[in-house]
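Q: Structure file coords_19.pdb (PDB, C-alpha atoms, pLDDT in the B column) right here:
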```pdb
MODEL        1
ATOM      1  CA  MET I 989     -32.316   4.518   3.781  1.00 91.00           C
ATOM      2  CA  LYS I 990     -30.222   1.883   2.060  1.00 95.00           C
ATOM      3  CA  ALA I 991     -26.563   1.319   2.622  1.00 96.00           C
ATOM      4  CA  ARG I 992     -23.980  -1.081   1.329  1.00 97.00           C
ATOM      5  CA  VAL I 993     -21.153  -2.351   3.502  1.00 98.00           C
ATOM      6  CA  THR I 994     -18.269  -4.022   1.693  1.00 98.00           C
ATOM      7  CA  VAL I 995     -15.904  -6.159   3.751  1.00 98.00           C
ATOM      8  CA  THR I 996     -12.628  -7.220   2.161  1.00 98.00           C
ATOM      9  CA  LEU I 997      -9.554  -8.985   3.440  1.00 97.00           C
ATOM     10  CA  LYS I 998      -6.600  -6.786   4.312  1.00 97.00           C
ATOM     11  CA  ASN I 999      -3.531  -6.917   2.122  1.00 94.00           C
ATOM     12  CA  GLY I1000      -1.208  -9.680   3.158  1.00 94.00           C
ATOM     13  CA  VAL I1001      -3.950 -11.890   4.592  1.00 96.00           C
ATOM     14  CA  LEU I1002      -4.053 -15.210   2.752  1.00 96.00           C
ATOM     15  CA  ASP I1003      -7.234 -15.873   0.774  1.00 97.00           C
ATOM     16  CA  PRO I1004      -7.477 -19.568  -0.108  1.00 97.00           C
ATOM     17  CA  GLN I1005     -11.029 -19.128  -1.411  1.00 96.00           C
ATOM     18  CA  GLY I1006      -9.846 -16.449  -3.835  1.00 96.00           C
ATOM     19  CA  LYS I1007      -6.960 -18.686  -4.882  1.00 97.00           C
ATOM     20  CA  ALA I1008      -9.381 -21.547  -5.572  1.00 97.00           C
ATOM     21  CA  ILE I1009     -11.553 -19.271  -7.710  1.00 97.00           C
ATOM     22  CA  GLU I1010      -8.473 -18.086  -9.574  1.00 97.00           C
ATOM     23  CA  GLY I1011      -7.537 -21.710 -10.262  1.00 96.00           C
ATOM     24  CA  ALA I1012     -11.061 -22.591 -11.358  1.00 97.00           C
ATOM     25  CA  LEU I1013     -11.183 -19.642 -13.768  1.00 97.00           C
ATOM     26  CA  GLY I1014      -7.850 -20.754 -15.220  1.00 95.00           C
ATOM     27  CA  ALA I1015      -9.197 -24.283 -15.649  1.00 96.00           C
ATOM     28  CA  LEU I1016     -12.196 -22.833 -17.518  1.00 96.00           C
ATOM     29  CA  GLY I1017      -9.831 -21.232 -20.006  1.00 95.00           C
ATOM     30  CA  PHE I1018      -9.694 -17.669 -18.727  1.00 94.00           C
ATOM     31  CA  ASP I1019      -6.147 -16.386 -19.168  1.00 91.00           C
ATOM     32  CA  GLY I1020      -4.455 -13.323 -17.848  1.00 90.00           C
ATOM     33  CA  ILE I1021      -5.863 -13.408 -14.351  1.00 94.00           C
ATOM     34  CA  ASN I1022      -3.289 -12.159 -11.890  1.00 95.00           C
ATOM     35  CA  GLY I1023      -5.324 -12.526  -8.740  1.00 95.00           C
ATOM     36  CA  VAL I1024      -8.757 -12.962  -7.221  1.00 97.00           C
ATOM     37  CA  ARG I1025      -9.742 -11.980  -3.703  1.00 97.00           C
ATOM     38  CA  GLN I1026     -13.161 -12.622  -2.313  1.00 97.00           C
ATOM     39  CA  GLY I1027     -15.042 -10.393   0.069  1.00 97.00           C
ATOM     40  CA  LYS I1028     -18.519  -9.895   1.422  1.00 97.00           C
ATOM     41  CA  VAL I1029     -21.167  -7.314   0.840  1.00 98.00           C
ATOM     42  CA  PHE I1030     -24.077  -6.446   3.144  1.00 98.00           C
ATOM     43  CA  ASP I1031     -27.055  -4.485   1.869  1.00 97.00           C
ATOM     44  CA  VAL I1032     -28.624  -2.959   4.946  1.00 97.00           C
ATOM     45  CA  GLU I1033     -31.923  -1.145   5.018  1.00 96.00           C
ATOM     46  CA  LEU I1034     -32.209   1.343   7.862  1.00 94.00           C
ATOM     47  CA  SER I1035     -35.113   3.416   9.058  1.00 92.00           C
ATOM     48  CA  ASP I1036     -32.723   6.308   9.862  1.00 79.00           C
ATOM     49  CA  ARG I1037     -33.195   9.307   7.624  1.00 83.00           C
ATOM     50  CA  ASP I1038     -30.024  11.073   8.604  1.00 91.00           C
ATOM     51  CA  ALA I1039     -27.026   9.925   6.553  1.00 91.00           C
ATOM     52  CA  ALA I1040     -24.449  10.975   9.149  1.00 93.00           C
ATOM     53  CA  LYS I1041     -26.227   9.085  11.925  1.00 93.00           C
ATOM     54  CA  ALA I1042     -26.682   6.049   9.683  1.00 94.00           C
ATOM     55  CA  ARG I1043     -22.980   6.037   8.836  1.00 95.00           C
ATOM     56  CA  GLU I1044     -22.088   6.215  12.515  1.00 94.00           C
ATOM     57  CA  GLU I1045     -24.392   3.315  13.326  1.00 94.00           C
ATOM     58  CA  LEU I1046     -23.084   1.248  10.409  1.00 96.00           C
ATOM     59  CA  THR I1047     -19.521   1.831  11.604  1.00 97.00           C
ATOM     60  CA  ALA I1048     -20.491   0.437  15.006  1.00 96.00           C
ATOM     61  CA  MET I1049     -22.147  -2.577  13.320  1.00 96.00           C
ATOM     62  CA  CYS I1050     -18.968  -3.251  11.345  1.00 97.00           C
ATOM     63  CA  GLU I1051     -16.746  -2.972  14.403  1.00 97.00           C
ATOM     64  CA  LYS I1052     -18.982  -5.243  16.465  1.00 96.00           C
ATOM     65  CA  LEU I1053     -20.307  -7.825  14.033  1.00 97.00           C
ATOM     66  CA  LEU I1054     -19.934  -7.425  10.290  1.00 97.00           C
ATOM     67  CA  ALA I1055     -16.164  -7.300   9.979  1.00 97.00           C
ATOM     68  CA  ASN I1056     -13.266  -8.902  11.787  1.00 97.00           C
ATOM     69  CA  THR I1057     -11.106  -5.800  11.930  1.00 96.00           C
ATOM     70  CA  VAL I1058      -7.961  -7.791  12.684  1.00 97.00           C
ATOM     71  CA  ILE I1059      -7.947  -9.194   9.152  1.00 97.00           C
ATOM     72  CA  GLU I1060     -10.642  -7.292   7.286  1.00 97.00           C
ATOM     73  CA  ASN I1061     -11.304  -3.769   6.051  1.00 98.00           C
ATOM     74  CA  TYR I1062     -14.763  -2.357   5.608  1.00 98.00           C
ATOM     75  CA  ALA I1063     -16.225   0.381   3.457  1.00 98.00           C
ATOM     76  CA  ILE I1064     -19.617   1.990   4.017  1.00 97.00           C
ATOM     77  CA  GLU I1065     -21.582   3.488   1.176  1.00 96.00           C
ATOM     78  CA  ILE I1066     -24.910   5.229   1.687  1.00 95.00           C
ATOM     79  CA  LEU I1067     -27.060   4.602  -1.391  1.00 90.00           C
TER      80      LEU I1067
ATOM     81  CA  MET P1193      -6.374  -3.679 -14.567  1.00 91.00           C
ATOM     82  CA  LYS P1194      -8.477  -4.176 -11.482  1.00 95.00           C
ATOM     83  CA  ALA P1195     -12.158  -4.944 -11.471  1.00 96.00           C
ATOM     84  CA  ARG P1196     -14.758  -5.582  -8.821  1.00 97.00           C
ATOM     85  CA  VAL P1197     -17.600  -8.020  -9.391  1.00 98.00           C
ATOM     86  CA  THR P1198     -20.506  -7.806  -6.937  1.00 98.00           C
ATOM     87  CA  VAL P1199     -22.893 -10.743  -6.772  1.00 98.00           C
ATOM     88  CA  THR P1200     -26.186 -10.250  -4.929  1.00 97.00           C
ATOM     89  CA  LEU P1201     -29.288 -12.354  -4.509  1.00 97.00           C
ATOM     90  CA  LYS P1202     -32.212 -11.487  -6.746  1.00 97.00           C
ATOM     91  CA  ASN P1203     -35.276  -9.938  -5.166  1.00 94.00           C
ATOM     92  CA  GLY P1204     -37.638 -12.549  -3.836  1.00 94.00           C
ATOM     93  CA  VAL P1205     -34.908 -15.113  -3.183  1.00 96.00           C
ATOM     94  CA  LEU P1206     -34.828 -16.016   0.506  1.00 96.00           C
ATOM     95  CA  ASP P1207     -31.654 -15.049   2.337  1.00 97.00           C
ATOM     96  CA  PRO P1208     -31.442 -16.909   5.659  1.00 97.00           C
ATOM     97  CA  GLN P1209     -27.884 -15.669   6.215  1.00 96.00           C
ATOM     98  CA  GLY P1210     -29.037 -12.070   5.890  1.00 96.00           C
ATOM     99  CA  LYS P1211     -31.939 -12.779   8.250  1.00 97.00           C
ATOM    100  CA  ALA P1212     -29.535 -14.238  10.802  1.00 97.00           C
ATOM    101  CA  ILE P1213     -27.332 -11.143  10.606  1.00 97.00           C
ATOM    102  CA  GLU P1214     -30.393  -8.930  11.004  1.00 97.00           C
ATOM    103  CA  GLY P1215     -31.354 -10.893  14.117  1.00 96.00           C
ATOM    104  CA  ALA P1216     -27.833 -10.707  15.523  1.00 97.00           C
ATOM    105  CA  LEU P1217     -27.687  -6.935  14.996  1.00 97.00           C
ATOM    106  CA  GLY P1218     -31.028  -6.600  16.778  1.00 96.00           C
ATOM    107  CA  ALA P1219     -29.692  -8.684  19.665  1.00 96.00           C
ATOM    108  CA  LEU P1220     -26.686  -6.358  19.887  1.00 96.00           C
ATOM    109  CA  GLY P1221     -29.041  -3.422  20.376  1.00 95.00           C
ATOM    110  CA  PHE P1222     -29.134  -1.933  16.887  1.00 94.00           C
ATOM    111  CA  ASP P1223     -32.664  -0.722  16.236  1.00 91.00           C
ATOM    112  CA  GLY P1224     -34.332   0.404  13.083  1.00 90.00           C
ATOM    113  CA  ILE P1225     -32.922  -2.236  10.763  1.00 94.00           C
ATOM    114  CA  ASN P1226     -35.499  -3.163   8.174  1.00 95.00           C
ATOM    115  CA  GLY P1227     -33.498  -5.761   6.331  1.00 95.00           C
ATOM    116  CA  VAL P1228     -30.075  -7.195   5.624  1.00 97.00           C
ATOM    117  CA  ARG P1229     -29.078  -9.114   2.537  1.00 97.00           C
ATOM    118  CA  GLN P1230     -25.683 -10.631   2.073  1.00 97.00           C
ATOM    119  CA  GLY P1231     -23.789 -10.888  -1.171  1.00 97.00           C
ATOM    120  CA  LYS P1232     -20.304 -11.582  -2.426  1.00 97.00           C
ATOM    121  CA  VAL P1233     -17.628  -9.435  -3.924  1.00 98.00           C
ATOM    122  CA  PHE P1234     -14.723 -10.565  -6.094  1.00 98.00           C
ATOM    123  CA  ASP P1235     -11.733  -8.329  -6.683  1.00 97.00           C
ATOM    124  CA  VAL P1236     -10.154  -9.576  -9.884  1.00 97.00           C
ATOM    125  CA  GLU P1237      -6.836  -8.443 -11.248  1.00 96.00           C
ATOM    126  CA  LEU P1238      -6.555  -8.861 -14.995  1.00 94.00           C
ATOM    127  CA  SER P1239      -3.621  -8.364 -17.325  1.00 92.00           C
ATOM    128  CA  ASP P1240      -5.999  -6.956 -19.997  1.00 80.00           C
ATOM    129  CA  ARG P1241      -5.444  -3.280 -20.686  1.00 84.00           C
ATOM    130  CA  ASP P1242      -8.616  -2.769 -22.684  1.00 91.00           C
ATOM    131  CA  ALA P1243     -11.619  -2.005 -20.465  1.00 91.00           C
ATOM    132  CA  ALA P1244     -14.193  -3.183 -23.005  1.00 93.00           C
ATOM    133  CA  LYS P1245     -12.441  -6.516 -23.481  1.00 93.00           C
ATOM    134  CA  ALA P1246     -12.008  -6.927 -19.737  1.00 94.00           C
ATOM    135  CA  ARG P1247     -15.704  -6.278 -19.163  1.00 95.00           C
ATOM    136  CA  GLU P1248     -16.616  -8.866 -21.789  1.00 94.00           C
ATOM    137  CA  GLU P1249     -14.338 -11.437 -20.196  1.00 94.00           C
ATOM    138  CA  LEU P1250     -15.666 -10.688 -16.703  1.00 96.00           C
ATOM    139  CA  THR P1251     -19.234 -11.121 -17.957  1.00 97.00           C
ATOM    140  CA  ALA P1252     -18.288 -14.567 -19.231  1.00 96.00           C
ATOM    141  CA  MET P1253     -16.663 -15.395 -15.864  1.00 96.00           C
ATOM    142  CA  CYS P1254     -19.838 -14.365 -14.041  1.00 97.00           C
ATOM    143  CA  GLU P1255     -22.060 -16.412 -16.319  1.00 97.00           C
ATOM    144  CA  LYS P1256     -19.849 -19.489 -16.051  1.00 96.00           C
ATOM    145  CA  LEU P1257     -18.551 -19.462 -12.501  1.00 97.00           C
ATOM    146  CA  LEU P1258     -18.897 -16.440 -10.259  1.00 97.00           C
ATOM    147  CA  ALA P1259     -22.687 -16.101 -10.146  1.00 97.00           C
ATOM    148  CA  ASN P1260     -25.598 -18.492 -10.208  1.00 97.00           C
ATOM    149  CA  THR P1261     -27.725 -16.461 -12.607  1.00 96.00           C
ATOM    150  CA  VAL P1262     -30.891 -18.336 -11.656  1.00 97.00           C
ATOM    151  CA  ILE P1263     -30.913 -16.691  -8.235  1.00 97.00           C
ATOM    152  CA  GLU P1264     -28.174 -14.059  -8.371  1.00 97.00           C
ATOM    153  CA  ASN P1265     -27.493 -10.751 -10.108  1.00 98.00           C
ATOM    154  CA  TYR P1266     -24.010  -9.508 -10.834  1.00 98.00           C
ATOM    155  CA  ALA P1267     -22.516  -6.084 -11.386  1.00 98.00           C
ATOM    156  CA  ILE P1268     -19.108  -5.433 -12.929  1.00 97.00           C
ATOM    157  CA  GLU P1269     -17.117  -2.353 -12.095  1.00 96.00           C
ATOM    158  CA  ILE P1270     -13.770  -1.576 -13.703  1.00 95.00           C
ATOM    159  CA  LEU P1271     -11.595   0.249 -11.163  1.00 90.00           C
TER     160      LEU P1271
ENDMDL
END
```
What's the structure tokens form of this structure?

A:
Amino acid sequence: MKARVTVTLKNGVLDPQGKAIEGALGALGFDGINGVRQGKVFDVELSDRDAAKAREELTAMCEKLLANTVIENYAIEIL
Amino acid sequence: MKARVTVTLKNGVLDPQGKAIEGALGALGFDGINGVRQGKVFDVELSDRDAAKAREELTAMCEKLLANTVIENYAIEIL
């Protein structure tokens, strides 16, 4: 079973990397960009066959390792 | 208009970061993980109101800056 975990910064948390990308896109001539925020995505392949159990396990992985829940949100998608 | 660009490594490209995460999850006691691959996600806010034009512009951004198309795939999603 495949799953995708998307980790993004919470609103209000500064994102200098996103700001740099926004600046670089502007320098390349792309107009009308009001903001860029960068996040991470993890494609996890699990041997679980039960979606509910997989989601539970992925939540634990996010809480323990994949996301810093003080400043980041995570979303789990079973593919 | 908001859009999400997801950049992932192409199949066959080594992902040492993903391997390290896989190892760390194993060390934390998570079993049954057959693979982890890490990618990037960019949440872009555009002033364009036309989805087709926005998609075209985002494709150009990916080709020029956001993705290294030799080793990475990108997917554009208009939210």

Q: Taking all atoms listed in the file into account and nothing else, which residues of chain I lie no more than 8 Å away from chain P? Please answer as a PyMOL selection string.

A: chain I and resi 994+1006+1013+1018+1020-1036+1045+1049+1053

Q: Expressed in Å to a single decimal, how great is the separation between atom CA of I:Asn1061 and atom CA of I:Glu1044?

A: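 Separation between atom CA of I:Asn1061 and atom CA of I:Glu1044: 16.1 Å.
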
Q: To one decimal in Å, tell me the separation between atom CA of I:Leu997 and atom CA of I:Glu1051.

A: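 Straight-line distance from atom CA of I:Leu997 to atom CA of I:Glu1051 works out to 14.4 Å.
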
Q: Given 4 Å of margin on each side, can you work out the centre and size in Å (one decimal) of an axis-aligned box holding every listed atom of stretch 1227-1244 of chain P, as JSON?

A:
```
{"center_x": -18.6, "center_y": -6.8, "center_z": -8.3, "size_x": 37.9, "size_y": 17.6, "size_z": 37.3}
```

Q: Could you check which of I:Ala1042, I:Ala1015, I:Ala1055, I:Cys1050 is closest to I:Leu1067, using all atoms listed in the file?

A: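 Of I:Ala1042, I:Ala1015, I:Ala1055, I:Cys1050, the one nearest I:Leu1067 is I:Ala1042, counting all atoms listed in the file.
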
Q: Could you please determine the separation between atom CA of P:Ile1263 and atom CA of I:Lys998 in Å, to one decimal place?

A: 29.1 Å
